[in-house]
Every structure is written in C-alpha cells, then in structure tokens.
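Engineer: One structure follows; several queries about it will come next.
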Amino acid sequence: MTTQPTENARTAVSHFEVVRRLSNRFGKFTLVRVRIETGRTHQIRVHMASIGHPVVGDTLYGGSGQLTDQVASQAAQSKGARRKAEPERLKLGRNFLHAARLEFTHPRTGKQLELEAPLPEELESFLGRLESGNESAV
C-alpha cells in the first residue's frame, strides 16, 4: 500500500483531527480521530505513516513495537552514569487503532446502521501508562 501515484491507483480520502498531544519521556505522540471516506486496505495506517506519524505499534508502516524511556536511556549512556539501569519500556503488542464508530447501509435490508464502541481497556490502560510519564499534555 502506498500514497504514491501508480498506474492502477485508487483514491483514498482520510480526514483527521487532533484530540490530544502528549510530550513525555517516551517521546511525542498525538491522539487523533480519523474519518475515512473510502475503505482501502490499511488506509489509516498508510495515510498516517505518509505524513510522518505512524500508528503506535504499527511496525509494518514505521511505528515502534515498543516505547523506551528516552530520558533514562540517555542518562544510562552518559559518561557520568554510575550504574546502567535498564530504561522503562512500554509495549502494546498491537496497533493503537480502534474503530470507535461505524456507519454503513445494511447490504440486505438497506437500513442505515450506526455502531459505537468505547476505547478497549487494553488501549485505555496503555494510554494511561503513557500519560503517567507525561511532562506536558495539550
């Protein structure tokens, strides 16, 4: 999958809005809400990676499989470090991607369906751990 034009390319349109920005010892992150007009394979993942913001956990498109405490990592590498403590790592084990709302026409009845689901506990917990290492949140 790519955002580069090719001979048989199909249009894919995604709209995103920033929900929250985080900057902490694990790096800089942005929680976004994405609405897609089309439904291409890996569309959100490809689009976010193409603008330099891969989905956390998405190793296929440039996201990290685990987040490392950058402050502790730099301190352990400094010349004055007396002990080399292992920096804290956060690992999700999946992409931080969730379909919070789906809307579509039922293929048999023609009825418009709208489904909503809250962020799963696994993602809520990971976000909470990430926020607990927060230096600033907007």
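Note on naming: chains are A, B, ... as they come in the structure tokens, residues start from 1 per chain, ligands start from 1 in the order shown.
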Taking the chain letters and numbering used in this document, name the residues of chain A that DSSP puts in alpha helix (DSSP H), as number ranges by chain.

Structural biologist: A: 43-50, 70-77, 121-132

Engineer: Write the residues of the selection above to a file with N, CA and C atoms, as a PDB file, in the first residue's frame.

Structural biologist:
```pdb
ATOM      1  N   GLN A  43      -5.780   1.841   5.068  1.00  0.00           N
ATOM      2  CA  GLN A  43      -5.863   3.255   4.707  1.00  0.00           C
ATOM      3  C   GLN A  43      -5.365   4.191   5.797  1.00  0.00           C
ATOM      4  N   ILE A  44      -5.861   4.054   6.992  1.00  0.00           N
ATOM      5  CA  ILE A  44      -5.455   4.962   8.072  1.00  0.00           C
ATOM      6  C   ILE A  44      -3.971   4.791   8.364  1.00  0.00           C
ATOM      7  N   ARG A  45      -3.525   3.559   8.424  1.00  0.00           N
ATOM      8  CA  ARG A  45      -2.128   3.271   8.723  1.00  0.00           C
ATOM      9  C   ARG A  45      -1.203   3.878   7.663  1.00  0.00           C
ATOM     10  N   VAL A  46      -1.552   3.718   6.402  1.00  0.00           N
ATOM     11  CA  VAL A  46      -0.739   4.250   5.299  1.00  0.00           C
ATOM     12  C   VAL A  46      -0.748   5.774   5.310  1.00  0.00           C
ATOM     13  N   HIS A  47      -1.919   6.373   5.476  1.00  0.00           N
ATOM     14  CA  HIS A  47      -2.001   7.831   5.465  1.00  0.00           C
ATOM     15  C   HIS A  47      -1.237   8.454   6.629  1.00  0.00           C
ATOM     16  N   MET A  48      -1.378   7.911   7.821  1.00  0.00           N
ATOM     17  CA  MET A  48      -0.673   8.481   8.973  1.00  0.00           C
ATOM     18  C   MET A  48       0.840   8.331   8.804  1.00  0.00           C
ATOM     19  N   ALA A  49       1.284   7.176   8.335  1.00  0.00           N
ATOM     20  CA  ALA A  49       2.721   6.976   8.105  1.00  0.00           C
ATOM     21  C   ALA A  49       3.245   7.924   7.028  1.00  0.00           C
ATOM     22  N   SER A  50       2.432   8.191   6.008  1.00  0.00           N
ATOM     23  CA  SER A  50       2.877   9.047   4.902  1.00  0.00           C
ATOM     24  C   SER A  50       3.109  10.494   5.316  1.00  0.00           C
ATOM     25  N   GLN A  70      13.169   7.643  26.990  1.00  0.00           N
ATOM     26  CA  GLN A  70      14.311   8.310  26.362  1.00  0.00           C
ATOM     27  C   GLN A  70      15.207   8.997  27.383  1.00  0.00           C
ATOM     28  N   VAL A  71      14.624   9.527  28.460  1.00  0.00           N
ATOM     29  CA  VAL A  71      15.409  10.220  29.481  1.00  0.00           C
ATOM     30  C   VAL A  71      16.331   9.226  30.182  1.00  0.00           C
ATOM     31  N   ALA A  72      15.776   8.094  30.619  1.00  0.00           N
ATOM     32  CA  ALA A  72      16.582   7.082  31.302  1.00  0.00           C
ATOM     33  C   ALA A  72      17.612   6.471  30.365  1.00  0.00           C
ATOM     34  N   SER A  73      17.236   6.297  29.119  1.00  0.00           N
ATOM     35  CA  SER A  73      18.142   5.721  28.130  1.00  0.00           C
ATOM     36  C   SER A  73      19.337   6.633  27.903  1.00  0.00           C
ATOM     37  N   GLN A  74      19.097   7.939  27.794  1.00  0.00           N
ATOM     38  CA  GLN A  74      20.191   8.895  27.592  1.00  0.00           C
ATOM     39  C   GLN A  74      21.069   8.984  28.830  1.00  0.00           C
ATOM     40  N   ALA A  75      20.454   8.947  30.013  1.00  0.00           N
ATOM     41  CA  ALA A  75      21.216   9.017  31.262  1.00  0.00           C
ATOM     42  C   ALA A  75      22.111   7.793  31.402  1.00  0.00           C
ATOM     43  N   ALA A  76      21.621   6.622  31.028  1.00  0.00           N
ATOM     44  CA  ALA A  76      22.398   5.385  31.131  1.00  0.00           C
ATOM     45  C   ALA A  76      23.581   5.401  30.174  1.00  0.00           C
ATOM     46  N   GLN A  77      23.461   6.138  29.077  1.00  0.00           N
ATOM     47  CA  GLN A  77      24.536   6.193  28.090  1.00  0.00           C
ATOM     48  C   GLN A  77      25.551   7.297  28.373  1.00  0.00           C
ATOM     49  N   GLU A 121     -10.266  -1.563  26.955  1.00  0.00           N
ATOM     50  CA  GLU A 121      -9.472  -1.457  28.182  1.00  0.00           C
ATOM     51  C   GLU A 121      -7.975  -1.530  27.896  1.00  0.00           C
ATOM     52  N   GLU A 122      -7.587  -2.401  26.985  1.00  0.00           N
ATOM     53  CA  GLU A 122      -6.171  -2.559  26.632  1.00  0.00           C
ATOM     54  C   GLU A 122      -5.569  -1.234  26.146  1.00  0.00           C
ATOM     55  N   LEU A 123      -6.312  -0.498  25.305  1.00  0.00           N
ATOM     56  CA  LEU A 123      -5.821   0.781  24.798  1.00  0.00           C
ATOM     57  C   LEU A 123      -5.937   1.875  25.854  1.00  0.00           C
ATOM     58  N   GLU A 124      -7.003   1.861  26.643  1.00  0.00           N
ATOM     59  CA  GLU A 124      -7.162   2.833  27.745  1.00  0.00           C
ATOM     60  C   GLU A 124      -6.004   2.702  28.722  1.00  0.00           C
ATOM     61  N   SER A 125      -5.669   1.466  29.064  1.00  0.00           N
ATOM     62  CA  SER A 125      -4.586   1.202  30.004  1.00  0.00           C
ATOM     63  C   SER A 125      -3.251   1.683  29.448  1.00  0.00           C
ATOM     64  N   PHE A 126      -2.978   1.388  28.187  1.00  0.00           N
ATOM     65  CA  PHE A 126      -1.731   1.821  27.560  1.00  0.00           C
ATOM     66  C   PHE A 126      -1.658   3.347  27.530  1.00  0.00           C
ATOM     67  N   LEU A 127      -2.736   3.988  27.160  1.00  0.00           N
ATOM     68  CA  LEU A 127      -2.778   5.450  27.122  1.00  0.00           C
ATOM     69  C   LEU A 127      -2.550   6.021  28.523  1.00  0.00           C
ATOM     70  N   GLY A 128      -3.146   5.396  29.521  1.00  0.00           N
ATOM     71  CA  GLY A 128      -2.937   5.834  30.906  1.00  0.00           C
ATOM     72  C   GLY A 128      -1.487   5.724  31.332  1.00  0.00           C
ATOM     73  N   ARG A 129      -0.833   4.622  30.971  1.00  0.00           N
ATOM     74  CA  ARG A 129       0.585   4.446  31.298  1.00  0.00           C
ATOM     75  C   ARG A 129       1.429   5.481  30.562  1.00  0.00           C
ATOM     76  N   LEU A 130       1.058   5.760  29.324  1.00  0.00           N
ATOM     77  CA  LEU A 130       1.779   6.760  28.536  1.00  0.00           C
ATOM     78  C   LEU A 130       1.588   8.149  29.149  1.00  0.00           C
ATOM     79  N   GLU A 131       0.383   8.448  29.565  1.00  0.00           N
ATOM     80  CA  GLU A 131       0.097   9.762  30.177  1.00  0.00           C
ATOM     81  C   GLU A 131       0.758   9.916  31.532  1.00  0.00           C
ATOM     82  N   SER A 132       0.962   8.808  32.258  1.00  0.00           N
ATOM     83  CA  SER A 132       1.595   8.911  33.574  1.00  0.00           C
ATOM     84  C   SER A 132       3.059   9.326  33.466  1.00  0.00           C
TER      85      SER A 132
END
```

Engineer: List the spatial neighbours of segment 10-22 of chain A as a PyMOL selection string - criterion: any atom at most 6 Å away, only C-alpha atoms, same-chain residues fewer than 3 positions off excluded.

Structural biologist: chain A and resi 28-38+137-138

Engineer: Suppose we keep all heavy atoms; can you now write the selection as a compact mmCIF listing (two decimals), in the first residue's frame?

Structural biologist:
```txt
# COMPACT_ATOMS: atom_id res chain seq x y z
N LYS A 28 7.07 12.04 21.66
CA LYS A 28 5.94 12.92 21.35
C LYS A 28 4.89 12.11 20.61
O LYS A 28 5.21 11.38 19.68
CB LYS A 28 6.39 14.11 20.51
CG LYS A 28 7.30 15.05 21.26
CD LYS A 28 7.66 16.25 20.44
CE LYS A 28 8.54 17.18 21.26
NZ LYS A 28 8.83 18.42 20.55
N PHE A 29 3.63 12.27 21.03
CA PHE A 29 2.53 11.50 20.46
C PHE A 29 1.32 12.39 20.27
O PHE A 29 1.16 13.39 20.98
CB PHE A 29 2.15 10.34 21.39
CG PHE A 29 3.31 9.49 21.76
CD1 PHE A 29 4.05 9.76 22.90
CD2 PHE A 29 3.71 8.45 20.94
CE1 PHE A 29 5.15 8.99 23.23
CE2 PHE A 29 4.81 7.68 21.26
CZ PHE A 29 5.53 7.95 22.42
N THR A 30 0.48 12.02 19.33
CA THR A 30 -0.75 12.76 19.09
C THR A 30 -1.89 11.75 18.97
O THR A 30 -1.82 10.83 18.16
CB THR A 30 -0.67 13.59 17.80
OG1 THR A 30 0.48 14.43 17.87
CG2 THR A 30 -1.91 14.46 17.62
N LEU A 31 -2.90 11.93 19.79
CA LEU A 31 -4.11 11.11 19.71
C LEU A 31 -5.01 11.80 18.70
O LEU A 31 -5.31 12.99 18.84
CB LEU A 31 -4.78 11.01 21.08
CG LEU A 31 -5.97 10.08 21.20
CD1 LEU A 31 -5.56 8.63 20.95
CD2 LEU A 31 -6.58 10.20 22.59
N VAL A 32 -5.40 11.10 17.65
CA VAL A 32 -6.22 11.70 16.61
C VAL A 32 -7.51 10.91 16.40
O VAL A 32 -7.60 9.73 16.72
CB VAL A 32 -5.47 11.79 15.25
CG1 VAL A 32 -4.27 12.71 15.35
CG2 VAL A 32 -5.05 10.42 14.75
N ARG A 33 -8.49 11.60 15.86
CA ARG A 33 -9.74 10.99 15.42
C ARG A 33 -9.70 11.05 13.89
O ARG A 33 -9.46 12.11 13.32
CB ARG A 33 -10.92 11.79 15.95
CG ARG A 33 -12.27 11.22 15.59
CD ARG A 33 -13.40 11.98 16.28
NE ARG A 33 -13.34 11.76 17.72
CZ ARG A 33 -13.13 12.71 18.63
NH1 ARG A 33 -12.97 13.96 18.26
NH2 ARG A 33 -13.07 12.43 19.91
N VAL A 34 -9.90 9.91 13.25
CA VAL A 34 -9.83 9.83 11.80
C VAL A 34 -11.19 9.41 11.24
O VAL A 34 -11.81 8.48 11.75
CB VAL A 34 -8.75 8.82 11.33
CG1 VAL A 34 -8.68 8.77 9.81
CG2 VAL A 34 -7.40 9.16 11.93
N ARG A 35 -11.63 10.11 10.22
CA ARG A 35 -12.85 9.74 9.50
C ARG A 35 -12.44 9.44 8.07
O ARG A 35 -11.79 10.25 7.42
CB ARG A 35 -13.88 10.87 9.52
CG ARG A 35 -15.19 10.50 8.85
CD ARG A 35 -16.21 11.63 8.89
NE ARG A 35 -15.74 12.84 8.24
CZ ARG A 35 -15.78 13.05 6.92
NH1 ARG A 35 -16.27 12.14 6.11
NH2 ARG A 35 -15.35 14.19 6.41
N ILE A 36 -12.80 8.26 7.61
CA ILE A 36 -12.43 7.89 6.24
C ILE A 36 -13.65 7.98 5.33
O ILE A 36 -14.76 7.66 5.73
CB ILE A 36 -11.79 6.49 6.17
CG1 ILE A 36 -12.72 5.42 6.73
CG2 ILE A 36 -10.46 6.47 6.92
CD1 ILE A 36 -12.21 4.00 6.54
N GLU A 37 -13.42 8.45 4.11
CA GLU A 37 -14.47 8.49 3.10
C GLU A 37 -14.46 7.21 2.28
O GLU A 37 -15.47 6.84 1.70
CB GLU A 37 -14.27 9.69 2.16
CG GLU A 37 -14.59 11.01 2.80
CD GLU A 37 -14.49 12.15 1.80
OE1 GLU A 37 -14.63 11.94 0.57
OE2 GLU A 37 -14.26 13.29 2.26
N THR A 38 -13.30 6.61 2.19
CA THR A 38 -13.15 5.38 1.42
C THR A 38 -12.70 4.30 2.38
O THR A 38 -12.40 4.57 3.54
CB THR A 38 -12.08 5.59 0.32
OG1 THR A 38 -10.90 6.12 0.92
CG2 THR A 38 -12.58 6.53 -0.75
N ALA A 137 0.78 17.93 28.43
CA ALA A 137 -0.32 17.47 27.59
C ALA A 137 -1.11 18.70 27.16
O ALA A 137 -1.28 19.63 27.92
CB ALA A 137 -1.22 16.51 28.35
N VAL A 138 -1.55 18.71 25.92
CA VAL A 138 -2.33 19.83 25.39
C VAL A 138 -3.71 19.33 25.06
O VAL A 138 -3.88 18.27 24.53
CB VAL A 138 -1.64 20.42 24.13
CG1 VAL A 138 -2.48 21.53 23.56
CG2 VAL A 138 -0.27 20.92 24.46
```

Engineer: Determine, counting only C-alpha atoms, which protein, DNA and RNA residues have an atom within 10 Å of an atom of Gly133 of chain A; residues of the same chain fewer than 6 positions away are not included. Present the result as a list in words.

Structural biologist: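 Here the qualifying residues turn out to be Leu22, Ser23, Asn24, Arg25, Phe26, Gly27 and Asp69 of chain A.
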
Engineer: Would you mind exporting N, CA, C and O atoms of the selected residues as a short mmCIF file (atom, residue, chain, number, x, y, z; two decimals), in the first residue's frame?

Structural biologist:
```
data_model
loop_
_atom_site.label_atom_id
_atom_site.label_comp_id
_atom_site.auth_asym_id
_atom_site.auth_seq_id
_atom_site.Cartn_x
_atom_site.Cartn_y
_atom_site.Cartn_z
N LEU A 22 0.70 14.68 23.37
CA LEU A 22 1.46 14.28 24.55
C LEU A 22 2.95 14.43 24.25
O LEU A 22 3.40 14.09 23.16
N SER A 23 3.69 14.94 25.21
CA SER A 23 5.13 15.02 25.10
C SER A 23 5.67 14.56 26.44
O SER A 23 5.39 15.18 27.46
N ASN A 24 6.40 13.44 26.42
CA ASN A 24 6.88 12.89 27.68
C ASN A 24 8.19 12.15 27.49
O ASN A 24 8.79 12.20 26.42
N ARG A 25 8.60 11.44 28.50
CA ARG A 25 9.89 10.74 28.46
C ARG A 25 9.93 9.63 27.43
O ARG A 25 10.99 9.12 27.10
N PHE A 26 8.77 9.24 26.89
CA PHE A 26 8.72 8.20 25.86
C PHE A 26 8.71 8.79 24.45
O PHE A 26 8.79 8.07 23.47
N GLY A 27 8.56 10.09 24.34
CA GLY A 27 8.55 10.75 23.04
C GLY A 27 7.38 11.70 22.90
O GLY A 27 6.76 12.10 23.88
N ASP A 69 11.82 4.69 27.49
CA ASP A 69 12.03 5.91 28.25
C ASP A 69 13.31 6.57 27.75
O ASP A 69 14.41 6.10 28.02
#
```

Engineer: Could you check which of A:Gln66, A:Leu90, A:Ala99, A:Asn8 is closest to Pro120 of chain A, using only C-alpha atoms?

Structural biologist: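 Nearest candidate to Pro120 of chain A out of A:Gln66, A:Leu90, A:Ala99, A:Asn8: A:Ala99.
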
Engineer: In chain A, what's strand (DSSP E or B) per DSSP? Answer as a PyMOL selection string?

Structural biologist: chain A and resi 14-24+27-36+66-68+89-91+101-105+112-116+134-137
